[in-house]
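Just below is one structure, and these are the notes that go with it.
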Amino acid sequence: MNRTFSIGGVHPHDCKISRDCAIQPMPLPQTVYISVAQHIGAPAKPIVAVGDKVKVGQPVAEPGGFVSAYIHSSVSGTVKAIAPRADLAGNKQLCIEIAVEGDEWMEGIDTSDTLRTDFPDDNKEIIEKIRRGGVVGLGGATFPTHVKLSPPPGKVCEMLIINGCECEPYLTSDFRTLLEKGQQVVIGTAILKQALGVDKATIAIEENKPEAIEHINQVLTQMRKVSSKYTGITVMSLRKRYPQGGEKQLIDAVMHRQVKSGGLPIDVGAVVQNVATALAVYDAVQKNKPIVDNSITVTGECFPKQANLLVRVGTPLRAIIDYLGGMPADAVKVISGGPMMGKAISNLDAATVKGTSALLFLTEKQTRRKPESNCIRCGRCADACPMGLEPFLLNRLALNGRTDELEQNAVQDCIECGCCLYSCPACIPLLDHIRQAKAQVMGILRARAAAAKAAAGK
Amino acid sequence: MSQTIIWTITIITLLGLLLAVILWFIAEKFKVVEDPRIDEVEKVMPGANCGGCGFAGCRAFADSAVKAPNLDNHYCPVGGNDVMQKVAAILGHEVKAKAPAVAVVRCNGACSVRPVVNDYDGALSCKVKAALYSGDTGCAYGCLGCGDCVAACQFGALSMDPETGLPVVDEAKCTACGACTKACPKGIIEIRPKGPRGMRMFVSCMNKDHGPAVKKACANACIGCSICEKTCTHGAVVVENNVAYIDAAKCKLCRECEAFCPTGAIHAVNFPKPLDKDAVKARVNERKKKAAEAAAAAQAEPKKEETV
């Protein structure tokens with residue numbers, strides 16, 4: 001029996017209907033809108049001006065703080081505007097608008113398909129290349145990778161886990177990446193492993209992707225012959241269960257260690273990176289290619305043409321939909337990401353960002369919420385919660401604004417996976433209220449930390 | 001038999017007396033001296049415990065008011081000047097009368113003029129909705145219509161108008177406690193002075209976008225054209241971030257800005273007569289013409305001197 005995490009979780013149908021579609025590059029759009037807030041942390045600061053000519057891979061914005069990342073032009077052309085523009089949720093974000101002219105890449109970027117297996121021994125150089133390449137965690141949180149690779153002093157990393165679970169239903173881009181760019185992912189893993197100074201790395205893949213597991217195993221056998229740098233990397237097959245791709249759940253599944261409330265993975269000696277991030281690391285270190293494109297799954301039962309597309313960062317969503325044959329008539333909801341954790345898109349004029357993983361089209365029947373009824377205290381939500389919380393209680397506390405008790409009941413540990421909402425037979429919008437309460441409590445905690453810091457400074 | 005009863009009564013009585021003495025000593029020892037005025041002040045308070053004054057409730061307000069050297073930082077918006085006069089009389093302080101205030105909804109985007117561009121299917125709470133996205137209309141600043149303010153009002157002064165989808169303030173019930181202003185995630189409810197005989201003017205829009213985008217999102221919105229700012233002779237209207245704001249302290253209620261507003265975003269309430277827009281416009285234009293003539297004449301005069 002394969003391993004999985006020990007607390008909670010649910011088992012939705014995986015609906016991987018686009019699993020057989022190879023990743024295809026999408027033709028260049030006419031205009032791209034590159035947001036300066038594509039990662040967690042401080043937004044980047046634009047370093048180009050209106051009218052500037054830019055090439056593919058040229059930095060257009062520099063980090064606005066320690067936890068921040070470079071942003072590069074994903075096309076070659078002219079900067080038309082640097083102005084606020086509505087993002088997926090309709091909120092204004094500063095965007096750099098670039099009109100596409102041809103496809104000229106920056107000098108020094110290797111755009112060929114040649115596989116480069118030999119990477120530098122100098123970890124500082126590697127991390128600097130990753131930082132320069134604007135690499136962020138592509139598993140969803142978009143946390144700058146170079147920050148994750150510099151563990152705080154005193155913390156020792158024992159294992160690197162590469163997250164190839166893709167436990168969200170419908171998504172297949174990581175699976176296709178493993179199949180089609182397995183070698184690059186393995187090299188990226190080896191680079192990350194060396195940068196962290198660990199001996200062991202595990203590529204964790206759920207059992208519903210046997211082709212990927214087999215392929216990566218083959219690649220590993222090949223690569224071990226090439227260099228000793230590839231020893232210590234193993235593949236682990238995990239039982240299918242949502243939210244296995246969650247950082248803390250994955251550590252539990254792979255290492256049988258649990259991160260305590262408020263802790264970080266490094267506290268138990270683990271660093272988790274996504275498959276797509278490993279590929280981006282390979283591109284950045286071996287090819288000098290920053291993140292200018294990412295693979296996006298475009299899927300849904302009502303969508304006529306399933307696809308895994310390689311899309312330039314900043315492509316308007318409407319261009320992607322039009323390229324694949326337009327909006328289906330019976331689709332009522334478009335989601336950026338998977339059905340469990342993805343966000344509904346209210347503005348199709350918005351553009352993709354580095355972290356966009358999928359466009360999912362759902363019909364009225366698939367998506368419409370059922371009317372809410374009373375809580376019957378069945379406890380299913382508490383059983384399903386992978387963080388061991390009590391969603392029914394948190395929901396009641398949130399509705400009454402009891403922030404002290406919310407904090408005592410660890411609302412800040414919620415990973416917003418949606419298992420509670422998925423399992424609730426009374427269709428209570430548990431996550432909606434809990435997410436709101438979590439944001440409130442996090443704000444209080446941050447304010448308290450800032451006050452403590454200020455007091456200590458005095 | 002009778003002796004048993006006598007003994008029982010005697011022992012119980014003695015025990016009772018002894019315990020009473022002990023209790024009296026303990027009560028004396030641990031006595032908490034509380035200013036009796038706190039009770040008096042609390043008695044004249046409205047007793048709503050709404051927190052509109054900034055304290056946890058009426059008792060907390062009374063406690064703080066008794067200890068304070070003056071009443072400058074204490075004002076009960078619910079009880080208003082009457083209650084504050086009584087509190088001041090008890091405490092021997094003086095208070096200045098404050099102008100009565102009322103909650104004002106600064107969104108004018110009724111369902112009929114602000115088209116819905118997407119369908120919201122989440123939890124019915126403005127807070128949740130605002131945290132998720134900009135809203136189901138093209139306007140990212142306006143009322144979300146889930147009624148958090150109605151739920152927050154303890155006085156039943158707010159209700160949602162089913163036709164417009166906007167909250168309506170019942171002036172008679174509103175105490176200006178400010179609970180709704182805190183409940184609204186978009187901050188569209190403002191506590192404004194009630195004005196003489198309830199007459200007041202305000203801009204019923206908060207949209208900070210540029211004109212064309214605003215116009216597309218809502219027909220009643222302030223487009224930031226600045227006509228009101230230019231018309232106002234009292235300097236009461238200021239356009240900042242593409243949206244006008246009327247300073248109630250400076251406004252003389254002449255309604256000239258209202259006459260000129262192209263979208264009807266400026267609201268005037270409780271005026272006895274409806275506004276005759278054409279008459280006001282004619283009056284203002286006449287005044288401007290005269291001012292222009294005077295300016296031209298003033299410019300012409302020094303020239304004459306030069307020629308002489």
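Residues in the structure tokens are numbered from 1 in each chain, the chains being A, B, ... in the order shown, and ligands are numbered from 1 in the order shown.
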
Item to check | Test item, alpha helix (DSSP H) assignment across range 82-152 of chain B, answer as number ranges by chain | outcome: B: 82-91, 126-132, 148-152

Under the rule of at most 9 Å, produce a per-residue listing of chain B near chain A: chain, number, name, the closest pair of atoms, and the distance in Å, as JSON lines, using only C-alpha atoms.
```
{"residue": "B:Val117", "atom": "CA", "partner": "A:Ser346", "partner_atom": "CA", "distance": 8.2}
{"residue": "B:Asn118", "atom": "CA", "partner": "A:Ser346", "partner_atom": "CA", "distance": 6.4}
{"residue": "B:Asp119", "atom": "CA", "partner": "A:Ser346", "partner_atom": "CA", "distance": 8.6}
{"residue": "B:Asp121", "atom": "CA", "partner": "A:Arg369", "partner_atom": "CA", "distance": 6.8}
{"residue": "B:Gly122", "atom": "CA", "partner": "A:Asp432", "partner_atom": "CA", "distance": 7.3}
{"residue": "B:Ala123", "atom": "CA", "partner": "A:Pro429", "partner_atom": "CA", "distance": 5.9}
{"residue": "B:Ser125", "atom": "CA", "partner": "A:His433", "partner_atom": "CA", "distance": 8.8}
{"residue": "B:Lys127", "atom": "CA", "partner": "A:Gln436", "partner_atom": "CA", "distance": 7.4}
{"residue": "B:Val128", "atom": "CA", "partner": "A:Gln436", "partner_atom": "CA", "distance": 6.0}
{"residue": "B:Lys129", "atom": "CA", "partner": "A:Asp432", "partner_atom": "CA", "distance": 8.7}
{"residue": "B:Ala131", "atom": "CA", "partner": "A:Gln436", "partner_atom": "CA", "distance": 7.1}
{"residue": "B:Leu132", "atom": "CA", "partner": "A:Ala89", "partner_atom": "CA", "distance": 7.1}
{"residue": "B:Tyr133", "atom": "CA", "partner": "A:Ala89", "partner_atom": "CA", "distance": 4.6}
{"residue": "B:Ser134", "atom": "CA", "partner": "A:Gly90", "partner_atom": "CA", "distance": 5.0}
{"residue": "B:Gly135", "atom": "CA", "partner": "A:Gly90", "partner_atom": "CA", "distance": 7.6}
{"residue": "B:Asp136", "atom": "CA", "partner": "A:Ser346", "partner_atom": "CA", "distance": 7.8}
{"residue": "B:Gly138", "atom": "CA", "partner": "A:Gly90", "partner_atom": "CA", "distance": 8.5}
{"residue": "B:Ala140", "atom": "CA", "partner": "A:Gly90", "partner_atom": "CA", "distance": 7.5}
```

Checklist entry - For Gly246 in chain A, which residue out of A:Ala307, A:Val32, A:Cys414, A:Ala190 is the nearest one, using only C-alpha atoms? => result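 Among the listed residues, A:Cys414 lies closest to Gly246 in chain A.
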
Item to check | Close residues, Glu258 in chain B itself excluded, 12 Å, only C-alpha atoms, min 3 positions apart in chain, as an NGL selection string | outcome: :B and (200-204 or 222 or 227-229 or 231-232 or 237 or 244 or 246 or 253-255 or 261-269 or 274-278 or 280-281)

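DSSP on the backbone gives strand (DSSP E or B) for these parts of range 195-300 of chain A: Lys200, Ala201, Thr202, Ile203, Ala204, Ile205, Glu206, Ile233, Thr234, Val235, Met236, Ser237, Leu238, Tyr242, Ala270, Val271, Val272, Gln273, Asn274, Asp293, Asn294, Ser295, Ile296, Thr297, Val298 and Thr299 of chain A.
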
Checklist entry - Closest to Gly211 in chain B among B:Cys139, B:Ala151, B:Ala65, B:Ala297, using only C-alpha atoms? => result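 Nearest candidate to Gly211 in chain B out of B:Cys139, B:Ala151, B:Ala65, B:Ala297: B:Cys139.
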
Next on the checklist: When you look at Tyr242 in chain A with a cut-off of 7 Å (counting only C-alpha atoms), what residues show up, excluding the ones that are within fewer than 4 positions of it in the same chain? I need them as a ChimeraX atom specification.
Outcome noted: /A:9-11,167-168

Store the residues picked out above in a file with N, CA and C atoms, as a CSV table (one decimal), in the first residue's frame.
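Once written, part.csv looks like this:
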```
chain,number,residue,atom,x,y,z
A,9,GLY,N,-8.4,14.8,4.7
A,9,GLY,CA,-8.3,14.7,3.3
A,9,GLY,C,-9.6,14.1,2.7
A,10,VAL,N,-9.7,14.4,1.4
A,10,VAL,CA,-10.9,13.9,0.7
A,10,VAL,C,-10.5,13.2,-0.6
A,11,HIS,N,-11.4,12.6,-1.3
A,11,HIS,CA,-11.1,11.8,-2.5
A,11,HIS,C,-12.0,12.2,-3.6
A,167,CYS,N,-2.5,16.9,-7.0
A,167,CYS,CA,-3.7,16.2,-6.4
A,167,CYS,C,-5.0,16.9,-6.8
A,168,GLU,N,-4.9,18.2,-7.3
A,168,GLU,CA,-6.1,18.9,-7.7
A,168,GLU,C,-6.7,18.2,-8.9
```

Checklist entry - Counting only C-alpha atoms, what is within 9 Å of Cys381 in chain A, bar same-chain residues fewer than 3 positions away, as number ranges by chain? => result A: 8, 378, 384-385, 389-392, 419-424, 430

Next on the checklist: Could you tell me how far CA of Val313 in chain A sits from CA of Thr142 in chain A, in Å to one decimal place?
Outcome noted: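 That distance, rounded to one decimal, is 13.6 Å.
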
Item to check | Near-Gly156 in chain B list (9 Å; only C-alpha atoms; drop same-chain fewer than 5 positions) as a ChimeraX atom specification | outcome: /B:150-151,170,173-174

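Take CA of Tyr33 in chain A and CA of Lys181 in chain A: the distance between them is 27.5 Å.
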
Next on the checklist: Could you list, as a list in words, every residue within 12 Å of Asp161 in chain B, counting only C-alpha atoms and ignoring same-chain residues fewer than 2 positions away?
Outcome noted: Ala110, Cys111, Gly145, Cys146, Gly147, Val150, Leu158, Ser159, Glu163, Thr164, Gly165, Leu166, Pro167, Val168, Val169 and Asp170 of chain B

Mind dumping the selected residues with N, CA and C atoms as a PDB file, in the first residue's frame?
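Contents of selection_39.pdb, freshly written:
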```pdb
ATOM      1  N   ALA B 110     -27.786  51.982  -8.336  1.00  0.00           N
ATOM      2  CA  ALA B 110     -28.921  51.058  -8.271  1.00  0.00           C
ATOM      3  C   ALA B 110     -28.773  49.972  -9.338  1.00  0.00           C
ATOM      4  N   CYS B 111     -29.501  48.878  -9.155  1.00  0.00           N
ATOM      5  CA  CYS B 111     -29.406  47.756 -10.099  1.00  0.00           C
ATOM      6  C   CYS B 111     -29.675  48.199 -11.535  1.00  0.00           C
ATOM      7  N   GLY B 145     -24.062  44.971  -1.786  1.00  0.00           N
ATOM      8  CA  GLY B 145     -25.464  44.559  -1.685  1.00  0.00           C
ATOM      9  C   GLY B 145     -25.775  43.327  -0.861  1.00  0.00           C
ATOM     10  N   CYS B 146     -24.832  42.829  -0.047  1.00  0.00           N
ATOM     11  CA  CYS B 146     -25.139  41.641   0.758  1.00  0.00           C
ATOM     12  C   CYS B 146     -25.696  42.018   2.134  1.00  0.00           C
ATOM     13  N   GLY B 147     -25.675  43.285   2.477  1.00  0.00           N
ATOM     14  CA  GLY B 147     -26.337  43.731   3.693  1.00  0.00           C
ATOM     15  C   GLY B 147     -25.590  43.539   4.999  1.00  0.00           C
ATOM     16  N   VAL B 150     -26.764  46.295   7.313  1.00  0.00           N
ATOM     17  CA  VAL B 150     -28.093  46.075   7.897  1.00  0.00           C
ATOM     18  C   VAL B 150     -27.963  45.176   9.119  1.00  0.00           C
ATOM     19  N   LEU B 158     -31.320  50.626   9.204  1.00  0.00           N
ATOM     20  CA  LEU B 158     -30.904  50.334   7.833  1.00  0.00           C
ATOM     21  C   LEU B 158     -31.745  49.204   7.266  1.00  0.00           C
ATOM     22  N   SER B 159     -32.042  49.321   5.980  1.00  0.00           N
ATOM     23  CA  SER B 159     -32.741  48.230   5.307  1.00  0.00           C
ATOM     24  C   SER B 159     -32.306  48.233   3.857  1.00  0.00           C
ATOM     25  N   GLU B 163     -35.522  47.198  -4.729  1.00  0.00           N
ATOM     26  CA  GLU B 163     -35.517  47.688  -6.103  1.00  0.00           C
ATOM     27  C   GLU B 163     -34.121  48.158  -6.529  1.00  0.00           C
ATOM     28  N   THR B 164     -33.503  48.976  -5.687  1.00  0.00           N
ATOM     29  CA  THR B 164     -32.187  49.507  -6.042  1.00  0.00           C
ATOM     30  C   THR B 164     -31.061  48.590  -5.607  1.00  0.00           C
ATOM     31  N   GLY B 165     -31.309  47.715  -4.630  1.00  0.00           N
ATOM     32  CA  GLY B 165     -30.248  46.850  -4.108  1.00  0.00           C
ATOM     33  C   GLY B 165     -29.278  47.601  -3.224  1.00  0.00           C
ATOM     34  N   LEU B 166     -29.670  48.797  -2.768  1.00  0.00           N
ATOM     35  CA  LEU B 166     -28.785  49.617  -1.930  1.00  0.00           C
ATOM     36  C   LEU B 166     -29.395  49.760  -0.536  1.00  0.00           C
ATOM     37  N   PRO B 167     -28.555  49.970   0.475  1.00  0.00           N
ATOM     38  CA  PRO B 167     -29.111  50.180   1.810  1.00  0.00           C
ATOM     39  C   PRO B 167     -29.761  51.556   1.928  1.00  0.00           C
ATOM     40  N   VAL B 168     -30.834  51.636   2.703  1.00  0.00           N
ATOM     41  CA  VAL B 168     -31.536  52.894   2.932  1.00  0.00           C
ATOM     42  C   VAL B 168     -31.477  53.202   4.430  1.00  0.00           C
ATOM     43  N   VAL B 169     -31.152  54.454   4.752  1.00  0.00           N
ATOM     44  CA  VAL B 169     -31.049  54.852   6.155  1.00  0.00           C
ATOM     45  C   VAL B 169     -32.373  55.490   6.587  1.00  0.00           C
ATOM     46  N   ASP B 170     -32.922  54.984   7.686  1.00  0.00           N
ATOM     47  CA  ASP B 170     -34.105  55.606   8.271  1.00  0.00           C
ATOM     48  C   ASP B 170     -33.614  56.673   9.247  1.00  0.00           C
TER      49      ASP B 170
END
```

Item to check | Option closest in space to Ile205 in chain A, from A:Lys53, A:Tyr70, A:Thr299, A:Asn2 [counting only C-alpha atoms] | outcome: A:Asn2

Item to check | d(CA of Phe66 in chain A, CA of His146 in chain A) in Å | outcome: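 So the two atoms, CA of Phe66 in chain A and CA of His146 in chain A, lie 9.9 Å apart.
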
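Among the candidates A:Ala42, A:Val198, A:Ile191, A:Ile162, the one nearest to Met236 in chain A when counting only C-alpha atoms is A:Ile162.
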